[in-house]
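S.K.: What follows is entry.pdb; its format and atoms are PDB, C-alpha atoms.
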```
ATOM      1  CA  MET A 295      94.185 128.522 115.482
ATOM      2  CA  GLY A 296      94.030 126.264 112.419
ATOM      3  CA  LEU A 297      91.138 124.492 110.745
ATOM      4  CA  ASN A 298      88.511 123.432 113.294
ATOM      5  CA  TYR A 299      87.566 119.977 112.019
ATOM      6  CA  ASP A 300      84.952 119.132 114.668
ATOM      7  CA  ALA A 301      83.241 122.505 114.420
ATOM      8  CA  LEU A 302      83.020 122.298 110.630
ATOM      9  CA  MET A 303      81.740 118.725 110.535
ATOM     10  CA  ASN A 304      79.134 119.292 113.261
ATOM     11  CA  HIS A 305      77.967 122.788 112.412
ATOM     12  CA  GLU A 306      74.228 123.148 111.851
ATOM     13  CA  PHE A 307      73.807 125.795 109.187
ATOM     14  CA  GLU A 308      70.793 128.040 109.294
ATOM     15  CA  GLU A 309      68.060 127.204 106.797
ATOM     16  CA  LEU A 310      67.908 130.074 104.320
ATOM     17  CA  VAL A 311      64.820 131.190 102.429
ATOM     18  CA  GLN A 312      64.857 133.264  99.252
ATOM     19  CA  THR A 313      62.052 134.578  97.104
ATOM     20  CA  TYR A 314      63.072 135.297  93.530
ATOM     21  CA  THR A 315      61.090 136.803  90.670
ATOM     22  CA  THR A 316      61.194 136.649  86.900
ATOM     23  CA  ALA A 317      63.325 139.806  87.036
ATOM     24  CA  ASP A 318      65.941 137.923  89.081
ATOM     25  CA  THR A 319      65.784 135.017  86.639
ATOM     26  CA  ALA A 320      66.323 137.339  83.684
ATOM     27  CA  LEU A 321      69.174 139.121  85.474
ATOM     28  CA  TYR A 322      70.991 135.832  86.068
ATOM     29  CA  ALA A 323      70.554 134.791  82.428
ATOM     30  CA  LEU A 324      71.835 138.162  81.203
ATOM     31  CA  GLY A 325      74.817 137.814  83.540
ATOM     32  CA  VAL A 326      75.925 134.552  81.918
ATOM     33  CA  GLY A 327      75.393 135.886  78.388
ATOM     34  CA  LEU A 328      71.865 134.983  77.325
ATOM     35  CA  GLY A 329      70.311 137.525  74.987
ATOM     36  CA  HIS A 330      73.572 138.299  73.198
ATOM     37  CA  ASP A 331      71.665 137.771  69.959
ATOM     38  CA  PRO A 332      68.392 139.672  70.489
ATOM     39  CA  LEU A 333      66.836 137.864  67.502
ATOM     40  CA  ASP A 334      67.414 134.414  68.994
ATOM     41  CA  GLU A 335      63.964 133.533  70.329
ATOM     42  CA  ALA A 336      65.274 130.417  72.103
ATOM     43  CA  GLN A 337      67.455 132.622  74.308
ATOM     44  CA  LEU A 338      64.698 135.221  74.658
ATOM     45  CA  ARG A 339      62.635 132.783  76.735
ATOM     46  CA  PHE A 340      65.227 133.053  79.522
ATOM     47  CA  VAL A 341      65.305 136.867  79.640
ATOM     48  CA  TYR A 342      61.708 137.863  78.810
ATOM     49  CA  GLU A 343      58.892 137.374  81.290
ATOM     50  CA  GLU A 344      56.260 135.849  78.986
ATOM     51  CA  ASN A 345      56.414 132.029  79.322
ATOM     52  CA  MET A 346      59.818 132.494  80.951
ATOM     53  CA  LEU A 347      62.201 129.621  81.622
ATOM     54  CA  ALA A 348      64.971 129.479  84.236
ATOM     55  CA  LEU A 349      68.467 128.316  83.395
ATOM     56  CA  PRO A 350      69.237 125.127  85.343
ATOM     57  CA  THR A 351      72.554 126.585  86.536
ATOM     58  CA  MET A 352      70.727 129.436  88.302
ATOM     59  CA  ALA A 353      70.330 126.998  91.201
ATOM     60  CA  THR A 354      73.953 127.788  92.134
ATOM     61  CA  VAL A 355      73.043 131.345  93.214
ATOM     62  CA  LEU A 356      69.818 130.621  95.118
ATOM     63  CA  ALA A 357      69.664 130.640  98.933
ATOM     64  CA  GLY A 358      73.424 130.499  99.266
ATOM     65  CA  HIS A 359      75.303 131.019 102.543
ATOM     66  CA  GLY A 360      77.864 133.400 101.105
ATOM     67  CA  PHE A 361      81.533 133.308 102.081
ATOM     68  CA  TRP A 362      80.904 131.548 105.398
ATOM     69  CA  LEU A 363      84.479 130.186 105.612
ATOM     70  CA  LYS A 364      85.550 133.705 106.569
ATOM     71  CA  GLU A 365      83.862 133.226 109.964
ATOM     72  CA  SER A 366      86.377 132.916 112.822
ATOM     73  CA  TRP A 367      84.833 129.725 114.247
ATOM     74  CA  THR A 368      85.940 127.747 111.160
ATOM     75  CA  GLY A 369      89.649 128.343 111.827
ATOM     76  CA  VAL A 370      90.221 128.364 108.067
ATOM     77  CA  ASP A 371      92.848 130.579 106.453
ATOM     78  CA  TRP A 372      90.151 132.119 104.274
ATOM     79  CA  VAL A 373      92.564 134.338 102.306
ATOM     80  CA  ARG A 374      94.011 131.191 100.669
ATOM     81  CA  VAL A 375      90.692 129.498  99.924
ATOM     82  CA  LEU A 376      89.818 128.524  96.333
ATOM     83  CA  HIS A 377      86.605 127.167  94.832
ATOM     84  CA  GLY A 378      87.852 123.884  93.387
ATOM     85  CA  GLU A 379      84.824 121.971  92.143
ATOM     86  CA  GLN A 380      81.099 122.495  91.679
ATOM     87  CA  GLY A 381      78.259 120.149  90.904
ATOM     88  CA  LEU A 382      74.491 120.283  90.624
ATOM     89  CA  ARG A 383      71.846 117.618  90.122
ATOM     90  CA  LEU A 384      68.374 118.747  89.084
ATOM     91  CA  HIS A 385      65.410 116.804  90.487
ATOM     92  CA  GLY A 386      62.881 118.820  88.524
ATOM     93  CA  VAL A 387      62.623 121.953  86.415
ATOM     94  CA  LEU A 388      63.660 125.088  88.273
ATOM     95  CA  PRO A 389      60.700 127.522  88.360
ATOM     96  CA  ALA A 390      61.108 130.946  86.783
ATOM     97  CA  ALA A 391      59.854 132.493  90.035
ATOM     98  CA  ALA A 392      59.429 130.887  93.448
ATOM     99  CA  THR A 393      60.290 130.923  97.117
ATOM    100  CA  VAL A 394      62.989 128.371  97.877
ATOM    101  CA  LYS A 395      64.752 127.197 101.001
ATOM    102  CA  ALA A 396      68.151 125.613 101.424
ATOM    103  CA  ARG A 397      70.161 123.929 104.112
ATOM    104  CA  MET A 398      73.869 123.238 103.781
ATOM    105  CA  ARG A 399      76.218 120.799 105.486
ATOM    106  CA  VAL A 400      79.882 119.884 105.381
ATOM    107  CA  THR A 401      80.049 116.269 104.242
ATOM    108  CA  GLU A 402      83.796 115.584 104.437
ATOM    109  CA  ILE A 403      87.144 117.253 105.079
ATOM    110  CA  VAL A 404      90.240 115.642 103.618
ATOM    111  CA  ASP A 405      93.690 116.482 104.966
ATOM    112  CA  LYS A 406      96.107 116.391 102.022
ATOM    113  CA  GLY A 407      99.181 117.257 104.084
ATOM    114  CA  PRO A 408     101.083 120.329 105.360
ATOM    115  CA  ASP A 409     102.071 121.552 101.908
ATOM    116  CA  LYS A 410      98.965 120.444 100.016
ATOM    117  CA  GLY A 411      96.089 121.971 101.920
ATOM    118  CA  ALA A 412      92.708 120.472 102.755
ATOM    119  CA  PHE A 413      89.599 119.721 100.720
ATOM    120  CA  ILE A 414      86.299 120.775 102.297
ATOM    121  CA  HIS A 415      83.339 119.034 100.646
ATOM    122  CA  CYS A 416      79.890 120.604 101.059
ATOM    123  CA  GLU A 417      76.329 119.798 100.019
ATOM    124  CA  ARG A 418      73.268 122.029  99.759
ATOM    125  CA  GLU A 419      69.696 120.963  99.074
ATOM    126  CA  LEU A 420      67.372 123.444  97.398
ATOM    127  CA  ARG A 421      63.645 122.935  97.970
ATOM    128  CA  ASP A 422      60.435 124.673  96.982
ATOM    129  CA  GLU A 423      59.185 126.234 100.219
ATOM    130  CA  THR A 424      55.517 125.812  99.320
ATOM    131  CA  THR A 425      55.544 122.175  98.220
ATOM    132  CA  GLY A 426      58.691 120.937  99.953
ATOM    133  CA  ASP A 427      59.799 119.369  96.665
ATOM    134  CA  LEU A 428      63.531 118.865  96.243
ATOM    135  CA  LEU A 429      64.576 120.980  93.259
ATOM    136  CA  CYS A 430      68.345 120.590  93.187
ATOM    137  CA  THR A 431      71.248 119.068  95.106
ATOM    138  CA  LEU A 432      74.405 121.167  94.911
ATOM    139  CA  THR A 433      77.896 120.010  95.808
ATOM    140  CA  ALA A 434      81.081 122.025  96.126
ATOM    141  CA  THR A 435      84.710 121.371  96.973
ATOM    142  CA  VAL A 436      86.660 124.164  98.619
ATOM    143  CA  VAL A 437      90.444 123.979  98.506
ATOM    144  CA  ALA A 438      91.801 125.392 101.778
ATOM    145  CA  ARG A 439      95.378 125.810 100.627
ATOM    146  CA  GLY A 440      96.684 127.004 103.988
ATOM    147  CA  ASP A 441      95.091 124.346 106.193
ATOM    148  CA  GLY A 442      96.734 121.038 105.339
ATOM    149  CA  GLY A 443      98.384 119.003 108.060
ATOM    150  CA  PHE A 444      95.735 119.692 110.716
ATOM    151  CA  GLY A 445      95.658 116.008 111.678
ATOM    152  CA  GLY A 446      92.413 115.065 110.027
ATOM    153  CA  PRO A 447      91.560 112.069 107.862
ATOM    154  CA  SER A 448      93.299 111.633 104.543
ATOM    155  CA  ARG A 449      92.280 109.661 101.496
ATOM    156  CA  ARG A 450      93.173 109.406  97.877
ATOM    157  CA  SER A 451      91.556 111.994  95.668
ATOM    158  CA  LYS A 452      88.576 110.771  93.696
ATOM    159  CA  PRO A 453      89.294 110.055  90.019
ATOM    160  CA  VAL A 454      88.745 113.014  87.730
ATOM    161  CA  HIS A 455      86.337 112.712  84.828
ATOM    162  CA  ALA A 456      88.516 112.827  81.728
ATOM    163  CA  PRO A 457      87.153 113.575  78.234
ATOM    164  CA  PRO A 458      87.348 110.836  75.592
ATOM    165  CA  ASP A 459      90.506 110.530  73.522
ATOM    166  CA  ARG A 460      89.013 111.840  70.305
ATOM    167  CA  ASP A 461      88.142 115.140  68.684
ATOM    168  CA  PRO A 462      85.146 116.888  70.275
ATOM    169  CA  ASP A 463      81.734 115.930  68.928
ATOM    170  CA  ALA A 464      80.619 119.555  69.198
ATOM    171  CA  VAL A 465      82.128 122.956  69.962
ATOM    172  CA  CYS A 466      80.158 125.997  71.135
ATOM    173  CA  ASP A 467      81.688 129.486  71.266
ATOM    174  CA  LEU A 468      79.846 131.966  73.498
ATOM    175  CA  PRO A 469      81.005 135.553  74.027
ATOM    176  CA  THR A 470      80.954 137.330  77.375
ATOM    177  CA  LEU A 471      80.388 141.035  77.810
ATOM    178  CA  SER A 472      83.104 143.344  79.112
ATOM    179  CA  GLN A 473      80.670 144.197  81.922
ATOM    180  CA  ALA A 474      79.668 140.560  82.538
ATOM    181  CA  ALA A 475      81.091 140.422  86.072
ATOM    182  CA  LEU A 476      79.331 143.647  87.013
ATOM    183  CA  ILE A 477      76.019 142.185  85.873
ATOM    184  CA  TYR A 478      76.565 138.726  87.335
ATOM    185  CA  ARG A 479      77.480 140.048  90.811
ATOM    186  CA  LEU A 480      73.927 141.416  91.114
ATOM    187  CA  SER A 481      72.800 137.784  91.426
ATOM    188  CA  GLY A 482      74.431 137.679  94.847
ATOM    189  CA  ASP A 483      78.237 137.401  94.733
ATOM    190  CA  PHE A 484      79.555 140.829  95.716
ATOM    191  CA  ASN A 485      83.241 139.931  96.103
ATOM    192  CA  PRO A 486      85.087 143.128  95.065
ATOM    193  CA  LEU A 487      87.652 140.973  93.253
ATOM    194  CA  HIS A 488      85.158 140.902  90.386
ATOM    195  CA  ALA A 489      84.453 144.633  90.302
ATOM    196  CA  VAL A 490      87.203 146.829  91.776
ATOM    197  CA  PRO A 491      90.444 147.084  89.741
ATOM    198  CA  SER A 492      92.620 147.877  92.774
ATOM    199  CA  VAL A 493      91.360 144.783  94.620
ATOM    200  CA  ALA A 494      92.011 142.637  91.553
ATOM    201  CA  ARG A 495      95.576 143.989  91.288
ATOM    202  CA  GLU A 496      96.221 143.230  94.959
ATOM    203  CA  ALA A 497      95.139 139.646  94.242
ATOM    204  CA  GLY A 498      97.598 139.408  91.331
ATOM    205  CA  PHE A 499      95.243 140.082  88.401
ATOM    206  CA  GLU A 500      95.546 142.939  85.940
ATOM    207  CA  VAL A 501      91.777 143.472  85.862
ATOM    208  CA  PRO A 502      88.739 142.111  87.755
ATOM    209  CA  ILE A 503      88.120 138.469  86.874
ATOM    210  CA  LEU A 504      84.906 136.702  85.996
ATOM    211  CA  HIS A 505      83.185 134.744  88.757
ATOM    212  CA  GLY A 506      83.882 131.016  88.488
ATOM    213  CA  LEU A 507      80.165 130.283  88.774
ATOM    214  CA  CYS A 508      79.523 132.742  85.937
ATOM    215  CA  THR A 509      81.923 130.787  83.726
ATOM    216  CA  LEU A 510      80.084 127.634  84.839
ATOM    217  CA  GLY A 511      76.853 129.261  83.683
ATOM    218  CA  VAL A 512      78.357 129.934  80.254
ATOM    219  CA  ALA A 513      79.396 126.282  79.890
ATOM    220  CA  GLY A 514      75.988 125.173  81.138
ATOM    221  CA  HIS A 515      74.427 127.376  78.455
ATOM    222  CA  ALA A 516      76.589 125.642  75.840
ATOM    223  CA  VAL A 517      75.389 122.202  76.980
ATOM    224  CA  LEU A 518      71.766 123.362  77.138
ATOM    225  CA  LYS A 519      71.968 124.856  73.653
ATOM    226  CA  THR A 520      73.895 122.058  71.969
ATOM    227  CA  TRP A 521      72.412 118.919  73.518
ATOM    228  CA  CYS A 522      69.083 119.944  75.075
ATOM    229  CA  GLY A 523      67.611 122.236  72.417
ATOM    230  CA  TYR A 524      67.207 124.891  75.141
ATOM    231  CA  ASP A 525      64.818 122.590  77.051
ATOM    232  CA  PRO A 526      65.719 122.785  80.782
ATOM    233  CA  ALA A 527      63.763 119.573  81.468
ATOM    234  CA  ARG A 528      66.444 117.641  79.557
ATOM    235  CA  PHE A 529      69.313 119.088  81.608
ATOM    236  CA  LYS A 530      69.857 116.679  84.529
ATOM    237  CA  SER A 531      73.258 117.353  86.102
ATOM    238  CA  LEU A 532      76.608 119.073  85.766
ATOM    239  CA  ASP A 533      79.969 118.624  87.512
ATOM    240  CA  LEU A 534      83.276 120.367  86.803
ATOM    241  CA  ARG A 535      86.586 121.631  88.121
ATOM    242  CA  PHE A 536      87.694 125.259  88.042
ATOM    243  CA  SER A 537      91.145 125.339  86.458
ATOM    244  CA  ALA A 538      91.864 129.031  85.711
ATOM    245  CA  PRO A 539      90.053 132.381  85.850
ATOM    246  CA  ALA A 540      88.311 133.850  82.832
ATOM    247  CA  TYR A 541      88.094 137.572  82.159
ATOM    248  CA  PRO A 542      85.024 139.594  81.199
ATOM    249  CA  GLY A 543      84.876 140.118  77.452
ATOM    250  CA  GLU A 544      86.534 136.815  76.572
ATOM    251  CA  THR A 545      84.897 134.204  74.375
ATOM    252  CA  ILE A 546      84.373 130.881  76.122
ATOM    253  CA  ARG A 547      84.723 127.848  73.870
ATOM    254  CA  THR A 548      83.084 124.730  75.303
ATOM    255  CA  GLU A 549      84.383 121.518  73.743
ATOM    256  CA  MET A 550      81.964 118.608  74.196
ATOM    257  CA  TRP A 551      81.913 114.842  73.735
ATOM    258  CA  ARG A 552      78.641 112.928  73.955
ATOM    259  CA  ASP A 553      78.349 109.257  74.885
ATOM    260  CA  ASP A 554      74.662 108.349  75.203
ATOM    261  CA  GLY A 555      73.277 110.524  78.008
ATOM    262  CA  VAL A 556      76.666 111.755  79.263
ATOM    263  CA  VAL A 557      78.324 114.889  77.895
ATOM    264  CA  SER A 558      82.001 115.343  78.766
ATOM    265  CA  PHE A 559      83.275 118.882  78.353
ATOM    266  CA  ARG A 560      85.929 121.467  79.037
ATOM    267  CA  ALA A 561      85.912 125.209  78.423
ATOM    268  CA  ARG A 562      88.686 127.529  77.354
ATOM    269  CA  ALA A 563      89.106 131.261  76.922
ATOM    270  CA  ILE A 564      89.990 131.278  73.249
ATOM    271  CA  GLU A 565      91.759 134.661  73.233
ATOM    272  CA  ARG A 566      94.425 133.273  75.608
ATOM    273  CA  ASP A 567      93.965 129.569  74.783
ATOM    274  CA  VAL A 568      93.627 128.824  78.499
ATOM    275  CA  VAL A 569      91.402 126.059  79.874
ATOM    276  CA  VAL A 570      89.205 127.712  82.516
ATOM    277  CA  LEU A 571      86.906 124.749  83.297
ATOM    278  CA  ASP A 572      88.031 121.140  83.127
ATOM    279  CA  ASN A 573      86.902 117.563  83.748
ATOM    280  CA  GLY A 574      83.312 118.534  83.031
ATOM    281  CA  ARG A 575      80.528 115.968  83.045
ATOM    282  CA  ALA A 576      76.850 116.613  82.348
ATOM    283  CA  GLU A 577      73.870 114.314  82.062
ATOM    284  CA  VAL A 578      71.200 115.075  79.496
ATOM    285  CA  ALA A 579      67.981 113.357  78.484
ATOM    286  CA  GLU A 580      66.446 112.769  75.094
ATOM    287  CA  SER A 581      63.534 114.967  74.106
TER
END
```
Rewrite the structure from the file as structure tokens, please.

M.R.:
Amino acid sequence: MGLNYDALMNHEFEELVQTYTTADTALYALGVGLGHDPLDEAQLRFVYEENMLALPTMATVLAGHGFWLKESWTGVDWVRVLHGEQGLRLHGVLPAAATVKARMRVTEIVDKGPDKGAFIHCERELRDETTGDLLCTLTATVVARGDGGFGGPSRRSKPVHAPPDRDPDAVCDLPTLSQAALIYRLSGDFNPLHAVPSVAREAGFEVPILHGLCTLGVAGHAVLKTWCGYDPARFKSLDLRFSAPAYPGETIRTEMWRDDGVVSFRARAIERDVVVLDNGRAEVAES
């Protein structure tokens, strides 16, 4: 059938509502590696219910629509879909427990050509159901590798955010647990690729891989720790590209450059010296 441009651009997604508790908030933080040092009281505030704080990157797992591109009405070759980019902009501090609602829309679809696929750009707004306050705006780019050449609009790709041409101003190494993917999936992404060895092998991996959004959470932790003093109110935004999968148990090294309120970053799995997140850009505020 092929990618259904009109259906995707005009689809009205259902508004989703999710109630999450401090237990959910702690589970997410544990999934991205908080609490690795049980004596670190700054990290403890994200995994212990007294005066608990929520990681800003937890917004990525709240009131999500799941793998909706698998639905037949989209016409997308979902087997060849990749998560290319992810962004989030915080409009306030994410509560440690709340009921939130979200509505998603497709903002643009770019036809890169028959052999280059298509880029599907999406946006999701996360609001507090009680107050209606906008908590976070999330953006994502899906690379539909099998759907280029459908006859849709084409444009030049937006410029990537490149790090400065100097040594990093700071480096933060954060370990992941060998069971990190098994913990992280309990926050809502149950793709068996991240849990079942046979599924991972069928996809071309020796073992189950870490969720891309889990790796994002590790890099977000590095920015929060290094430049925000673990204060979520100072963490304003984050944008990045997924460049390669990470594996549970690897150490993620986030290399960072700060220029005023902008932190450029990339992350690599140091055991393999492979860049897993690239072209990262975060905005942080002074205390």

S.K.: For A:Trp362, which of A:Cys416, A:Asp427, A:Gly514, A:Thr545 is the closest residue, counting all atoms listed in the file?

M.R.: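 The closest residue to A:Trp362 is A:Cys416.
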
S.K.: Using the chain letters and numbers from this file, what does the PyMOL selection byres ((chain A and resi 403) around 8) select? Give the answer as an NGL selection string.

M.R.: :A and (299 or 303 or 400-402 or 404-405 or 412-415 or 446-447)

S.K.: Export C-alpha atoms of the chosen residues as a tab-separated table (two decimals), keeping the file's coordinate frame?

M.R.:
```tsv
chain	number	residue	atom	x	y	z
A	299	TYR	CA	87.57	119.98	112.02
A	303	MET	CA	81.74	118.72	110.54
A	400	VAL	CA	79.88	119.88	105.38
A	401	THR	CA	80.05	116.27	104.24
A	402	GLU	CA	83.80	115.58	104.44
A	404	VAL	CA	90.24	115.64	103.62
A	405	ASP	CA	93.69	116.48	104.97
A	412	ALA	CA	92.71	120.47	102.76
A	413	PHE	CA	89.60	119.72	100.72
A	414	ILE	CA	86.30	120.78	102.30
A	415	HIS	CA	83.34	119.03	100.65
A	446	GLY	CA	92.41	115.06	110.03
A	447	PRO	CA	91.56	112.07	107.86
```

S.K.: One decimal, in Å: what's the spacing between atom CA of A:Phe559 and atom CA of A:Gly574?

M.R.: 4.7 Å

S.K.: Could you tell me how far atom CA of A:Arg418 sits from atom CA of A:Arg560, in Å to one decimal place?

M.R.: 24.3 Å

S.K.: Excluding A:Phe499 and its own-chain neighbours fewer than 2 positions away, which residues fall within 12 Å of it when counting all atoms listed in the file? Please give them as a list in words.

M.R.: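 Surrounding residues, per the criterion: Leu487, His488, Ala489, Val490, Pro491, Ser492, Val493, Ala494, Arg495, Glu496, Ala497, Val501, Pro502, Ile503, Leu504, Ala538, Pro539, Ala540 and Tyr541 of chain A.
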
S.K.: Restricting the output to C-alpha atoms, write the selected residues as an mmCIF file, keeping the file's coordinate frame.

M.R.:
```cif
data_model
loop_
_atom_site.group_PDB
_atom_site.id
_atom_site.type_symbol
_atom_site.label_atom_id
_atom_site.label_comp_id
_atom_site.auth_asym_id
_atom_site.auth_seq_id
_atom_site.Cartn_x
_atom_site.Cartn_y
_atom_site.Cartn_z
ATOM 1 C CA LEU A 487 87.652 140.973 93.253
ATOM 2 C CA HIS A 488 85.158 140.902 90.386
ATOM 3 C CA ALA A 489 84.453 144.633 90.302
ATOM 4 C CA VAL A 490 87.203 146.829 91.776
ATOM 5 C CA PRO A 491 90.444 147.084 89.741
ATOM 6 C CA SER A 492 92.620 147.877 92.774
ATOM 7 C CA VAL A 493 91.360 144.783 94.620
ATOM 8 C CA ALA A 494 92.011 142.637 91.553
ATOM 9 C CA ARG A 495 95.576 143.989 91.288
ATOM 10 C CA GLU A 496 96.221 143.230 94.959
ATOM 11 C CA ALA A 497 95.139 139.646 94.242
ATOM 12 C CA VAL A 501 91.777 143.472 85.862
ATOM 13 C CA PRO A 502 88.739 142.111 87.755
ATOM 14 C CA ILE A 503 88.120 138.469 86.874
ATOM 15 C CA LEU A 504 84.906 136.702 85.996
ATOM 16 C CA ALA A 538 91.864 129.031 85.711
ATOM 17 C CA PRO A 539 90.053 132.381 85.850
ATOM 18 C CA ALA A 540 88.311 133.850 82.832
ATOM 19 C CA TYR A 541 88.094 137.572 82.159
#
```

S.K.: Report as a count of residues only the residues that result from applying the PyMOL selection byres ((chain A and resi 451) around 10) to the structure here.

M.R.: 9

S.K.: Distance cut-off 12 Å, centre (70.2, 140.1, 75.7) in file coordinates, counting only C-alpha atoms: which residues qualify? Return them as a ChimeraX atom specification.

M.R.: /A:320-342,469-471,474,477

S.K.: Check the smallest atom-to-atom distance from each of A:Val311, A:Pro458, A:Thr368, A:Ala434 to A:Val394 using all atoms listed in the file, then report the winner.

M.R.: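 The answer is A:Val311, which sits nearest to A:Val394.
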
S.K.: Which polymer residues, protein or nucleic acid, are no farther than 6 Å from (84.5, 127.1, 67.9), counting all atoms listed in the file, as a list in words?

M.R.: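 Protein, DNA and RNA residues close to (84.5, 127.1, 67.9): Val465, Cys466 and Asp467 of chain A.
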
S.K.: When distances are computed from all atoms listed in the file, which of A:Gly511, A:Gly358, A:Gly555, A:Pro462 shows the smallest separation from A:Ala576?

M.R.: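 Nearest candidate to A:Ala576 out of A:Gly511, A:Gly358, A:Gly555, A:Pro462: A:Gly555.
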